[in-house]
Amino acid sequence: MVRRRQVVKPARRPDVRLPELVAFEDGELAPDGDYDGLEFRDGDFAGQDGGGARFMDCALTGCALDETRLHRARMLDSVLTGARGVGTDLAEATLRDVELVDARLGGVLLHGAVLERVLVRGGKIDYLNLRGARLTDVVFEGCVLVEPDFGSARLERVEFIDCVLKGADLTGAVLRDVDLRRAAELDLARGVDRLSGAVISHAQLLDLAPVLAAELGLRVAEAG
């Protein structure tokens with residue numbers, strides 16, 4: 001029996017199993033708060049400060065996160081469903097074993113963050129800032145990412161499945177075992193030279209040919 005050589009290592013998905021949850025009733029988030037086994041349902045946390053807070057075994061459902069400050073927060077073994085908002089600050093946060101489902105977010109700040117075993121499924125995120133972030137075992141599935149910024153980020157075992165990437169920026173990024181073959185749309189605005197360490201399909205290679213040619217300074221013209 002001949003074994004086929006593995007082209008790219010697959011991402012390990014989160015396996016979140018929430019316990020019986022208790023409803024969050026405090027009304028507002030607190031800096032450095034400690035939230036364990038809580039359900040945040042339809043909460044409006046716009047403009048609130050939960051910087052440095054820890055969320056463990058939590059479910060956030062239908063919550064508004066407009067300009068919510070969650071700088072350096074830690075989200076562990078948690079599920080966020082239907083989150084919405086603009087300018088959510090998750091800079092330098094840690095997300096480990098987290099599912100983000102059907103989000104509607106814009107201008108999310110995740111620069112310098114650490115994402116490990118994270119699933120982003122469905123929804124749309126505009127102007128996602130992941131500059132300098134570290135992504136390990138992350139899956140983007142069935143979602144739309146408009147102008148995501150992966151500048152100087154490190155991506156290892158990251159998959160894009162039925163996911164639309166529009167105007168993605170890979171400037172200075174380091175990719176290892178990144179699988180782009182099943183992306184529904186792959187549009188790179190910058191950083192095409194950083195694709196080393198990624199796997200793309202033959203069709204995607206043809207689509208990227210003009211961008212690759214421009215990067216190489218290669219002129220393409222019909223023979224006279």
# chains A, B, ... in the order shown; residues from 1 in each chain; ligands from 1
>>> select_by_dssp(residues="chain A", states="strand (DSSP E)", output="VMD selection string")
chain A and resid 22 to 23 34 to 36 38 to 41 54 to 56 59 to 61 74 to 81 84 to 86 94 to 106 114 to 126 134 to 141 144 to 146 154 to 161 164 to 169 174 to 179 185 to 190 198 to 199
>>> residues_around(residues="segment 191-201 of chain A", least_positions_apart="2", cutoff="6 Å", atoms="only C-alpha atoms", output="MDAnalysis selection string")
chainID A and resid 169:171 175:181 203:204
>>> atom_distance(atom1="atom CA of Val211 of chain A", atom2="atom CA of Cys163 of chain A")
20.2 Å
>>> atom_distance(atom1="atom CA of Ala11 of chain A", atom2="atom CA of Val86 of chain A")
28.5 Å
>>> closest_residue(among="A:Phe45, A:Ala53, A:Val164, A:Arg13", to="Asp32 of chain A", atoms="only C-alpha atoms")
A:Ala53
>>> closest_atom_pairs(of="segment 3-25 of chain A", to="segment 135-158 of chain A", cutoff="9 Å", atoms="only C-alpha atoms", output="Markdown table")
| residue | atom | partner | partner_atom | distance |
| --- | --- | --- | --- | --- |
| A:Val8 | CA | A:Arg157 | CA | 7.9 |
| A:Lys9 | CA | A:Arg157 | CA | 6.2 |
| A:Pro10 | CA | A:Arg157 | CA | 5.9 |
| A:Ala11 | CA | A:Asp137 | CA | 4.3 |
| A:Arg12 | CA | A:Asp137 | CA | 5.2 |
| A:Arg13 | CA | A:Asp137 | CA | 6.6 |
| A:Pro14 | CA | A:Asp137 | CA | 8.6 |
>>> write_last_selection(atoms="N, CA, C and O atoms", output="PDB file, in the first residue's frame")
ATOM      1  N   VAL A   8      -0.015  19.245   3.194  1.00  0.00           N
ATOM      2  CA  VAL A   8      -0.051  20.269   4.225  1.00  0.00           C
ATOM      3  C   VAL A   8      -0.666  19.670   5.478  1.00  0.00           C
ATOM      4  O   VAL A   8      -1.590  18.861   5.411  1.00  0.00           O
ATOM      5  N   LYS A   9      -0.131  20.032   6.619  1.00  0.00           N
ATOM      6  CA  LYS A   9      -0.663  19.517   7.875  1.00  0.00           C
ATOM      7  C   LYS A   9      -2.000  20.194   8.183  1.00  0.00           C
ATOM      8  O   LYS A   9      -2.089  21.425   8.132  1.00  0.00           O
ATOM      9  N   PRO A  10      -3.040  19.422   8.497  1.00  0.00           N
ATOM     10  CA  PRO A  10      -4.349  20.032   8.783  1.00  0.00           C
ATOM     11  C   PRO A  10      -4.379  20.714  10.142  1.00  0.00           C
ATOM     12  O   PRO A  10      -3.622  20.372  11.052  1.00  0.00           O
ATOM     13  N   ALA A  11      -5.249  21.693  10.257  1.00  0.00           N
ATOM     14  CA  ALA A  11      -5.427  22.388  11.531  1.00  0.00           C
ATOM     15  C   ALA A  11      -6.218  21.517  12.497  1.00  0.00           C
ATOM     16  O   ALA A  11      -7.120  20.769  12.097  1.00  0.00           O
ATOM     17  N   ARG A  12      -5.883  21.619  13.747  1.00  0.00           N
ATOM     18  CA  ARG A  12      -6.645  20.939  14.795  1.00  0.00           C
ATOM     19  C   ARG A  12      -7.763  21.868  15.263  1.00  0.00           C
ATOM     20  O   ARG A  12      -7.494  22.983  15.716  1.00  0.00           O
ATOM     21  N   ARG A  13      -8.971  21.391  15.163  1.00  0.00           N
ATOM     22  CA  ARG A  13     -10.112  22.236  15.521  1.00  0.00           C
ATOM     23  C   ARG A  13     -10.372  22.215  17.019  1.00  0.00           C
ATOM     24  O   ARG A  13     -10.034  21.259  17.714  1.00  0.00           O
ATOM     25  N   PRO A  14     -11.014  23.286  17.510  1.00  0.00           N
ATOM     26  CA  PRO A  14     -11.364  23.289  18.936  1.00  0.00           C
ATOM     27  C   PRO A  14     -12.451  22.259  19.230  1.00  0.00           C
ATOM     28  O   PRO A  14     -13.292  21.973  18.378  1.00  0.00           O
TER      29      PRO A  14
END
>>> residues_around(residues="segment 34-40 of chain A", least_positions_apart="6", cutoff="10 Å", atoms="only C-alpha atoms", output="ChimeraX atom specification")
/A:18-25,27,50,52-63,74-80
>>> write_last_selection(atoms="N, CA and C atoms", output="PDB file, in the first residue's frame")
ATOM      1  N   LEU A  18     -19.224  22.866  26.576  1.00  0.00           N
ATOM      2  CA  LEU A  18     -19.580  23.770  27.661  1.00  0.00           C
ATOM      3  C   LEU A  18     -20.340  23.045  28.766  1.00  0.00           C
ATOM      4  N   PRO A  19     -20.074  23.401  30.012  1.00  0.00           N
ATOM      5  CA  PRO A  19     -20.845  22.848  31.132  1.00  0.00           C
ATOM      6  C   PRO A  19     -22.199  23.543  31.216  1.00  0.00           C
ATOM      7  N   GLU A  20     -22.989  23.202  32.186  1.00  0.00           N
ATOM      8  CA  GLU A  20     -24.241  23.922  32.429  1.00  0.00           C
ATOM      9  C   GLU A  20     -23.872  25.347  32.854  1.00  0.00           C
ATOM     10  N   LEU A  21     -24.447  26.307  32.132  1.00  0.00           N
ATOM     11  CA  LEU A  21     -24.035  27.699  32.320  1.00  0.00           C
ATOM     12  C   LEU A  21     -24.986  28.466  33.233  1.00  0.00           C
ATOM     13  N   VAL A  22     -24.445  29.494  33.846  1.00  0.00           N
ATOM     14  CA  VAL A  22     -25.215  30.404  34.701  1.00  0.00           C
ATOM     15  C   VAL A  22     -25.314  31.746  33.987  1.00  0.00           C
ATOM     16  N   ALA A  23     -26.490  32.349  34.000  1.00  0.00           N
ATOM     17  CA  ALA A  23     -26.696  33.621  33.309  1.00  0.00           C
ATOM     18  C   ALA A  23     -25.868  34.737  33.946  1.00  0.00           C
ATOM     19  N   PHE A  24     -25.232  35.544  33.085  1.00  0.00           N
ATOM     20  CA  PHE A  24     -24.487  36.706  33.557  1.00  0.00           C
ATOM     21  C   PHE A  24     -25.483  37.809  33.875  1.00  0.00           C
ATOM     22  N   GLU A  25     -25.450  38.338  35.105  1.00  0.00           N
ATOM     23  CA  GLU A  25     -26.449  39.313  35.530  1.00  0.00           C
ATOM     24  C   GLU A  25     -25.826  40.613  36.055  1.00  0.00           C
ATOM     25  N   GLY A  27     -24.464  43.007  34.355  1.00  0.00           N
ATOM     26  CA  GLY A  27     -24.769  44.151  33.504  1.00  0.00           C
ATOM     27  C   GLY A  27     -23.581  44.710  32.771  1.00  0.00           C
ATOM     28  N   GLY A  50     -13.457  45.608  29.439  1.00  0.00           N
ATOM     29  CA  GLY A  50     -13.174  44.311  30.040  1.00  0.00           C
ATOM     30  C   GLY A  50     -11.733  43.916  29.804  1.00  0.00           C
ATOM     31  N   GLY A  52      -8.104  42.716  30.006  1.00  0.00           N
ATOM     32  CA  GLY A  52      -7.443  41.782  30.904  1.00  0.00           C
ATOM     33  C   GLY A  52      -8.359  40.754  31.532  1.00  0.00           C
ATOM     34  N   ALA A  53      -9.634  40.736  31.146  1.00  0.00           N
ATOM     35  CA  ALA A  53     -10.575  39.785  31.741  1.00  0.00           C
ATOM     36  C   ALA A  53     -10.320  38.366  31.236  1.00  0.00           C
ATOM     37  N   ARG A  54     -10.778  37.387  32.010  1.00  0.00           N
ATOM     38  CA  ARG A  54     -10.660  35.982  31.630  1.00  0.00           C
ATOM     39  C   ARG A  54     -12.051  35.388  31.470  1.00  0.00           C
ATOM     40  N   PHE A  55     -12.295  34.787  30.306  1.00  0.00           N
ATOM     41  CA  PHE A  55     -13.560  34.103  30.034  1.00  0.00           C
ATOM     42  C   PHE A  55     -13.250  32.619  29.855  1.00  0.00           C
ATOM     43  N   MET A  56     -13.778  31.799  30.753  1.00  0.00           N
ATOM     44  CA  MET A  56     -13.502  30.360  30.729  1.00  0.00           C
ATOM     45  C   MET A  56     -14.818  29.601  30.685  1.00  0.00           C
ATOM     46  N   ASP A  57     -14.983  28.708  29.692  1.00  0.00           N
ATOM     47  CA  ASP A  57     -16.216  27.924  29.564  1.00  0.00           C
ATOM     48  C   ASP A  57     -17.428  28.846  29.514  1.00  0.00           C
ATOM     49  N   CYS A  58     -17.380  29.842  28.643  1.00  0.00           N
ATOM     50  CA  CYS A  58     -18.465  30.813  28.535  1.00  0.00           C
ATOM     51  C   CYS A  58     -19.108  30.774  27.156  1.00  0.00           C
ATOM     52  N   ALA A  59     -20.361  31.230  27.099  1.00  0.00           N
ATOM     53  CA  ALA A  59     -21.076  31.390  25.839  1.00  0.00           C
ATOM     54  C   ALA A  59     -21.549  32.828  25.737  1.00  0.00           C
ATOM     55  N   LEU A  60     -21.160  33.500  24.644  1.00  0.00           N
ATOM     56  CA  LEU A  60     -21.633  34.860  24.375  1.00  0.00           C
ATOM     57  C   LEU A  60     -22.507  34.785  23.146  1.00  0.00           C
ATOM     58  N   THR A  61     -23.790  35.077  23.298  1.00  0.00           N
ATOM     59  CA  THR A  61     -24.750  34.912  22.211  1.00  0.00           C
ATOM     60  C   THR A  61     -25.477  36.224  21.934  1.00  0.00           C
ATOM     61  N   GLY A  62     -25.387  36.689  20.690  1.00  0.00           N
ATOM     62  CA  GLY A  62     -26.108  37.893  20.284  1.00  0.00           C
ATOM     63  C   GLY A  62     -25.671  39.148  20.990  1.00  0.00           C
ATOM     64  N   CYS A  63     -24.411  39.242  21.343  1.00  0.00           N
ATOM     65  CA  CYS A  63     -23.923  40.390  22.115  1.00  0.00           C
ATOM     66  C   CYS A  63     -23.407  41.509  21.209  1.00  0.00           C
ATOM     67  N   ARG A  74      -8.453  37.048  27.927  1.00  0.00           N
ATOM     68  CA  ARG A  74      -8.216  35.632  27.622  1.00  0.00           C
ATOM     69  C   ARG A  74      -9.563  34.944  27.477  1.00  0.00           C
ATOM     70  N   MET A  75      -9.774  34.359  26.313  1.00  0.00           N
ATOM     71  CA  MET A  75     -10.998  33.605  26.049  1.00  0.00           C
ATOM     72  C   MET A  75     -10.615  32.153  25.841  1.00  0.00           C
ATOM     73  N   LEU A  76     -11.080  31.297  26.751  1.00  0.00           N
ATOM     74  CA  LEU A  76     -10.673  29.904  26.751  1.00  0.00           C
ATOM     75  C   LEU A  76     -11.906  29.007  26.747  1.00  0.00           C
ATOM     76  N   ASP A  77     -11.903  27.992  25.861  1.00  0.00           N
ATOM     77  CA  ASP A  77     -12.995  27.010  25.814  1.00  0.00           C
ATOM     78  C   ASP A  77     -14.357  27.711  25.803  1.00  0.00           C
ATOM     79  N   SER A  78     -14.533  28.640  24.893  1.00  0.00           N
ATOM     80  CA  SER A  78     -15.752  29.449  24.849  1.00  0.00           C
ATOM     81  C   SER A  78     -16.306  29.538  23.433  1.00  0.00           C
ATOM     82  N   VAL A  79     -17.598  29.887  23.335  1.00  0.00           N
ATOM     83  CA  VAL A  79     -18.280  30.001  22.049  1.00  0.00           C
ATOM     84  C   VAL A  79     -18.937  31.375  21.964  1.00  0.00           C
ATOM     85  N   LEU A  80     -18.650  32.098  20.866  1.00  0.00           N
ATOM     86  CA  LEU A  80     -19.275  33.396  20.608  1.00  0.00           C
ATOM     87  C   LEU A  80     -20.145  33.243  19.378  1.00  0.00           C
TER      88      LEU A  80
END
>>> residues_around(residues="segment 96-113 of chain A", least_positions_apart="5", cutoff="7 Å", atoms="only C-alpha atoms", output="VMD selection string")
chain A and resid 14 to 16 75 to 91 118 to 134
>>> select_by_dssp(residues="chain A", states="helix (DSSP H, G or I)", output="PyMOL selection string")
chain A and resi 192-194+202-216
